[in-house]
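Engineer: One structure coming up, written as structure tokens, with questions to follow.
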Amino acid sequence: MSSTPLSWRPATAVDLPALAALYRDAAERLGPLVYTPAQVAAWAAFPADAAAFRAYVLDTDTWVAERADASAVLGFCGIGFEGAVRELHSLYVEPLATRQGIGSEMLRRTLQRAEATGGRRFAAWVTPFSRPLFLRAGFVWTRTSAEPFAGTLFERYRVVRG
């Protein structure tokens with residue numbers, strides 16, 4: 001459980017600017033720890049494509065974590081609810097709020113919601129940042145893939161649970 005009290009609510013179109021800023025900030029602050037400058041630039045540029053970012057957030061069941069007093073967005077997590085395997089699409093935590101259990105709590109709540117609607121099998125493509133969190137949550141690393149994103153090659157890890 002997070003040491004920071006959270007409120008948890010569905011994402012809406014009104015949230016898109018704040019979520020885009022959080023996403024970009026995560027890429028720019030955390031990216032240099034494991035990625036090349038070209039990879040960081042490609043990752044950070046994604047929210048500039050407003051239509052693609054809107055779909056990324058609103059075309060899945062994405063929820064927003066805020067401080068309990070709603071003074072700041074702390075993160076967001078999205079999952080697809082179609083099919084036998086529920087695909088986690090996003091899990092981002094405000095960089096200044098990492099290592100406080102927020103990501104784990106968002107993932108726990110997201111999986112709990114999915115399980116309540118019949119979800120039993122889950123999968124995600126994860127990064128070097130989120131892989132440990134998913135493994136602690138009972139996911140198993142099944143393969144590594146190197147694929148282009150925004151014209152830049154990234155290594156990603158496939159994890160599954162159930």
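Ordering of the structure tokens sets the chain letters (A, B, ...); residue numbers start at 1 within each chain; ligands are numbered from 1 in the order shown.
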Do a neighbour search on A:Pro128 at 9 Å with only C-alpha atoms, toss out local chain neighbours closer than 5 positions, and write the hits as a ChimeraX atom specification.
Structural biologist: /A:34,155-157
Engineer: Each residue of stretch 22-61 of chain A lying at most 10 Å from stretch 96-117 of chain A should get a row with its shortest atom-to-atom pair and the distance in Å to one decimal, counting only C-alpha atoms; could you produce that, ordered by chain and increasing number, as JSON lines?
Structural biologist:
```
{"residue": "A:Asp25", "atom": "CA", "partner": "A:Leu96", "partner_atom": "CA", "distance": 9.6}
{"residue": "A:Ala26", "atom": "CA", "partner": "A:Leu96", "partner_atom": "CA", "distance": 9.0}
{"residue": "A:Arg29", "atom": "CA", "partner": "A:Leu96", "partner_atom": "CA", "distance": 9.2}
{"residue": "A:Asp61", "atom": "CA", "partner": "A:Thr110", "partner_atom": "CA", "distance": 8.9}
```
Engineer: Using only C-alpha atoms, can you tell me which of A:Gly75, A:Gly80, A:Pro132, A:Pro32 comes closest to A:Val93?
Structural biologist: A:Gly75
Engineer: Give me, as an NGL selection string, all polymer residues having an atom no more than 12 Å from A:Leu30, counting only C-alpha atoms and skipping those fewer than 3 positions away in the same chain.
Structural biologist: :A and (22-27 or 33-37 or 39-41 or 43-44 or 92-98 or 127-130)
Engineer: Include N, CA and C atoms and write out the residues we just selected as a short mmCIF file (atom, residue, chain, number, x, y, z; two decimals), in the first residue's frame.
Structural biologist:
```cif
data_model
loop_
_atom_site.label_atom_id
_atom_site.label_comp_id
_atom_site.auth_asym_id
_atom_site.auth_seq_id
_atom_site.Cartn_x
_atom_site.Cartn_y
_atom_site.Cartn_z
N LEU A 22 2.81 14.81 -17.14
CA LEU A 22 3.40 13.78 -16.28
C LEU A 22 4.18 12.77 -17.12
N TYR A 23 3.61 12.32 -18.22
CA TYR A 23 4.26 11.37 -19.12
C TYR A 23 5.58 11.93 -19.63
N ARG A 24 5.53 13.16 -20.13
CA ARG A 24 6.73 13.83 -20.67
C ARG A 24 7.79 13.99 -19.58
N ASP A 25 7.37 14.39 -18.39
CA ASP A 25 8.28 14.57 -17.27
C ASP A 25 8.95 13.25 -16.89
N ALA A 26 8.18 12.17 -16.88
CA ALA A 26 8.74 10.85 -16.58
C ALA A 26 9.81 10.48 -17.60
N ALA A 27 9.52 10.71 -18.87
CA ALA A 27 10.49 10.38 -19.92
C ALA A 27 11.76 11.22 -19.77
N LEU A 33 18.37 7.64 -17.20
CA LEU A 33 18.96 6.61 -16.35
C LEU A 33 19.21 5.31 -17.10
N VAL A 34 18.41 5.05 -18.15
CA VAL A 34 18.54 3.78 -18.86
C VAL A 34 18.51 3.90 -20.38
N TYR A 35 18.20 5.08 -20.90
CA TYR A 35 18.04 5.24 -22.34
C TYR A 35 19.05 6.23 -22.91
N THR A 36 19.27 6.12 -24.20
CA THR A 36 20.13 7.07 -24.91
C THR A 36 19.37 8.39 -25.08
N PRO A 37 20.08 9.48 -25.41
CA PRO A 37 19.37 10.74 -25.66
C PRO A 37 18.32 10.62 -26.76
N GLN A 39 16.56 7.94 -27.54
CA GLN A 39 15.42 7.22 -26.99
C GLN A 39 14.60 8.12 -26.06
N VAL A 40 15.27 8.91 -25.24
CA VAL A 40 14.57 9.83 -24.34
C VAL A 40 13.74 10.82 -25.16
N ALA A 41 14.32 11.37 -26.20
CA ALA A 41 13.61 12.34 -27.04
C ALA A 41 12.38 11.69 -27.70
N TRP A 43 10.67 9.05 -26.64
CA TRP A 43 9.69 8.74 -25.59
C TRP A 43 8.97 10.01 -25.15
N ALA A 44 9.71 11.06 -24.90
CA ALA A 44 9.13 12.32 -24.40
C ALA A 44 8.24 13.01 -25.42
N TYR A 92 2.14 5.08 -15.14
CA TYR A 92 3.07 6.19 -14.98
C TYR A 92 2.88 6.84 -13.63
N VAL A 93 4.00 7.14 -12.98
CA VAL A 93 4.00 7.83 -11.69
C VAL A 93 4.79 9.12 -11.84
N GLU A 94 4.29 10.17 -11.23
CA GLU A 94 5.01 11.44 -11.20
C GLU A 94 6.43 11.17 -10.72
N PRO A 95 7.46 11.58 -11.48
CA PRO A 95 8.84 11.24 -11.11
C PRO A 95 9.25 11.63 -9.70
N LEU A 96 8.75 12.75 -9.19
CA LEU A 96 9.11 13.16 -7.84
C LEU A 96 8.38 12.35 -6.76
N ALA A 97 7.45 11.48 -7.19
CA ALA A 97 6.68 10.66 -6.24
C ALA A 97 7.01 9.17 -6.40
N THR A 98 8.06 8.83 -7.14
CA THR A 98 8.41 7.42 -7.30
C THR A 98 8.95 6.85 -6.00
N THR A 127 8.88 -1.58 -19.40
CA THR A 127 10.19 -0.95 -19.59
C THR A 127 11.13 -1.36 -18.45
N PRO A 128 12.39 -0.95 -18.53
CA PRO A 128 13.29 -1.24 -17.41
C PRO A 128 12.79 -0.65 -16.09
N PHE A 129 12.01 0.42 -16.14
CA PHE A 129 11.49 1.05 -14.92
C PHE A 129 10.39 0.24 -14.28
N SER A 130 9.45 -0.25 -15.10
CA SER A 130 8.27 -0.91 -14.53
C SER A 130 8.42 -2.42 -14.39
#
```
Engineer: Could you pull out all residues of stretch 43-92 of chain A with a DSSP call of strand (DSSP E) and give them as a list in words?
Structural biologist: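 After running DSSP on the backbone, stretch 43-92 of chain A has strand (DSSP E) at Asp61, Thr62, Trp63, Val64, Ala65, Glu66, Arg67, Val73, Leu74, Gly75, Phe76, Cys77, Gly78, Ile79, Val85, Arg86, Glu87, Leu88, His89, Ser90, Leu91 and Tyr92 of chain A.
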Engineer: What's the 12 Å shell around A:Thr12, counting only C-alpha atoms, without same-chain residues fewer than 5 positions away, as a ChimeraX atom specification?
Structural biologist: /A:17-19,54-64,76
Engineer: Could you write out that same residue set with C-alpha atoms as a PDB file, in the first residue's frame?
Structural biologist:
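Everything below was put into part.pdb:
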```pdb
ATOM      1  CA  PRO A  17      -2.917  18.051 -20.352  1.00  0.00           C
ATOM      2  CA  ALA A  18      -1.844  17.011 -16.843  1.00  0.00           C
ATOM      3  CA  LEU A  19      -1.310  13.383 -17.875  1.00  0.00           C
ATOM      4  CA  ARG A  54      -5.858  11.009 -26.266  1.00  0.00           C
ATOM      5  CA  ALA A  55      -6.512   7.498 -27.611  1.00  0.00           C
ATOM      6  CA  TYR A  56      -3.760   6.068 -25.398  1.00  0.00           C
ATOM      7  CA  VAL A  57      -5.523   7.419 -22.309  1.00  0.00           C
ATOM      8  CA  LEU A  58      -9.215   7.468 -23.189  1.00  0.00           C
ATOM      9  CA  ASP A  59      -9.579   4.372 -25.413  1.00  0.00           C
ATOM     10  CA  THR A  60      -8.628   2.147 -22.462  1.00  0.00           C
ATOM     11  CA  ASP A  61      -9.925   1.989 -18.924  1.00  0.00           C
ATOM     12  CA  THR A  62      -7.489   4.530 -17.508  1.00  0.00           C
ATOM     13  CA  TRP A  63      -7.663   5.762 -13.948  1.00  0.00           C
ATOM     14  CA  VAL A  64      -5.895   8.669 -12.294  1.00  0.00           C
ATOM     15  CA  PHE A  76      -2.234   7.010 -14.114  1.00  0.00           C
TER      16      PHE A  76
END
```
Engineer: As a PyMOL selection string, please: all residues of chain A that backbone DSSP puts in alpha helix (DSSP H).
Structural biologist: chain A and resi 16-30+37-45+50-58+102-116+131-136
Engineer: For A:Ala20, which of A:Phe139, A:Phe154, A:Phe134, A:Phe53 is the closest residue, counting only C-alpha atoms?
Structural biologist: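 Checking each candidate against A:Ala20, we get A:Phe53 as the closest.
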Engineer: Skip A:Arg143 itself and residues of its chain fewer than 3 positions away, then list as a compact mmCIF listing (two decimals) with C-alpha atoms, in the first residue's frame all residues within 10 Å of it, counting only C-alpha atoms.
Structural biologist:
```
# COMPACT_ATOMS: atom_id res chain seq x y z
CA TRP A 125 4.92 -4.73 -22.46
CA VAL A 140 6.37 -13.49 -15.13
CA ARG A 156 10.79 -3.97 -24.05
CA TYR A 157 9.84 -6.90 -21.86
CA ARG A 158 6.69 -9.02 -22.13
CA VAL A 159 5.21 -9.97 -18.78
CA VAL A 160 2.15 -12.10 -18.06
```
Engineer: Using only C-alpha atoms, which residue out of A:Ala21, A:Ala137, A:Ala72, A:Val126 lies closest to A:Ser90?
Structural biologist: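 Checking each candidate against A:Ser90, we get A:Val126 as the closest.
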Engineer: Please, what distance in Å, to one decimal, runs between atom CA of A:Ala65 and atom CA of A:Pro5?
Structural biologist: 9.6 Å
